[in-house]
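Before any comments, here is the structure.
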Amino acid sequence: MFDFLQDDSWLLSPWAWAMVTGVLALWCLVPRGRLVRWQLAAGGVLGVISVGLLASQMPVIQPIGQAALFWILAAVAVVSAATMISMRSPVYSAIWFAMTLLGTSCLFLLLGAQLLAIATIAVYAGAIV
């Protein structure tokens, strides 16, 4: 079942290190009590490292095209979601949540699921935000 764990090649994978640094970045940025500057700085640096590791593994795509649009919209949705959970103010969290929903809805539109895109905006953005 977990055959990939038998060898240690996954430990050296940039994907694994990107996930580890991304989790550590979010852990540093999530508000709890009083945040100190070193936590914010460490979270920012780890976040940049994580995004850099992920970007190094992305396939080379043409600047104009559906694949490029997909990766841009996916990045907007993921970065907005990470920013949403790291905000202390509920107002700013709601704004970033709306941005996350917008990115997700655009991904649905890109994939041809218009009903899901409209339902996501109407239900979540309309009722929750």
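Numbering starts fresh at 1 for the residues of each chain in the structure tokens, the chains themselves are lettered A, B, ... in the order given, and ligands are numbered from 1 as they appear.
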Spatial neighbours of Leu115 (chain A), max dist 10 Å, only C-alpha atoms, sep filter under 6 positions, as a PDB file with N, CA, C and O atoms, in the first residue's frame:
```
ATOM      1  N   SER A 105     -13.915  29.562  -8.164  1.00  0.00           N
ATOM      2  CA  SER A 105     -14.978  29.658  -9.169  1.00  0.00           C
ATOM      3  C   SER A 105     -14.405  29.830 -10.572  1.00  0.00           C
ATOM      4  O   SER A 105     -14.936  29.267 -11.537  1.00  0.00           O
ATOM      5  N   PHE A 108     -13.413  26.488 -11.725  1.00  0.00           N
ATOM      6  CA  PHE A 108     -14.588  25.738 -12.177  1.00  0.00           C
ATOM      7  C   PHE A 108     -15.013  26.179 -13.582  1.00  0.00           C
ATOM      8  O   PHE A 108     -15.353  25.339 -14.426  1.00  0.00           O
ATOM      9  N   LEU A 109     -14.996  27.487 -13.824  1.00  0.00           N
ATOM     10  CA  LEU A 109     -15.353  27.975 -15.157  1.00  0.00           C
ATOM     11  C   LEU A 109     -14.367  27.484 -16.222  1.00  0.00           C
ATOM     12  O   LEU A 109     -14.762  27.125 -17.324  1.00  0.00           O
TER      13      LEU A 109
END
```
query: Can you list, as an MDAnalysis selection string, every protein, DNA or RNA residue that comes within 12 Å of Val123 (chain A) when you count only C-alpha atoms, leaving out same-chain residues fewer than 5 positions away?
result: chainID A and resid 98 101 105 115:118 128:129
Considering only C-alpha atoms, tabulate each residue of region 67-119 of chain A that lies at most 12 Å from region 26-45 of chain A along with its nearest interatomic pair and the corresponding distance in Å to one decimal; arrange the rows by chain and ascending residue number and present them as a Markdown table.
```
| residue | atom | partner | partner_atom | distance |
| --- | --- | --- | --- | --- |
| A:Val78 | CA | A:Leu26 | CA | 11.9 |
| A:Val79 | CA | A:Leu26 | CA | 10.9 |
| A:Ala81 | CA | A:Leu26 | CA | 10.6 |
| A:Ala82 | CA | A:Leu26 | CA | 7.0 |
| A:Thr83 | CA | A:Leu29 | CA | 8.7 |
| A:Met84 | CA | A:Val30 | CA | 9.5 |
| A:Ile85 | CA | A:Val30 | CA | 6.4 |
| A:Ser86 | CA | A:Val30 | CA | 4.4 |
| A:Met87 | CA | A:Pro31 | CA | 6.8 |
| A:Arg88 | CA | A:Pro31 | CA | 5.9 |
| A:Ser89 | CA | A:Pro31 | CA | 9.6 |
| A:Pro90 | CA | A:Pro31 | CA | 11.5 |
| A:Ser93 | CA | A:Pro31 | CA | 11.6 |
```
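With CA of Leu46 (chain A) on one side and CA of Thr104 (chain A) on the other, the separation reads 24.6 Å.
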- request: Give the alpha helix (DSSP H) residues of region 60-127 of chain A, as assigned by DSSP on the backbone, as a VMD selection string.
  value: chain A and resid 66 to 85 90 to 110 114 to 119
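Rounded to one decimal, CA of Thr21 (chain A) and CA of Gly47 (chain A) lie 6.8 Å from each other.
CA of Phe70 (chain A) lies 21.7 Å from CA of Tyr124 (chain A).
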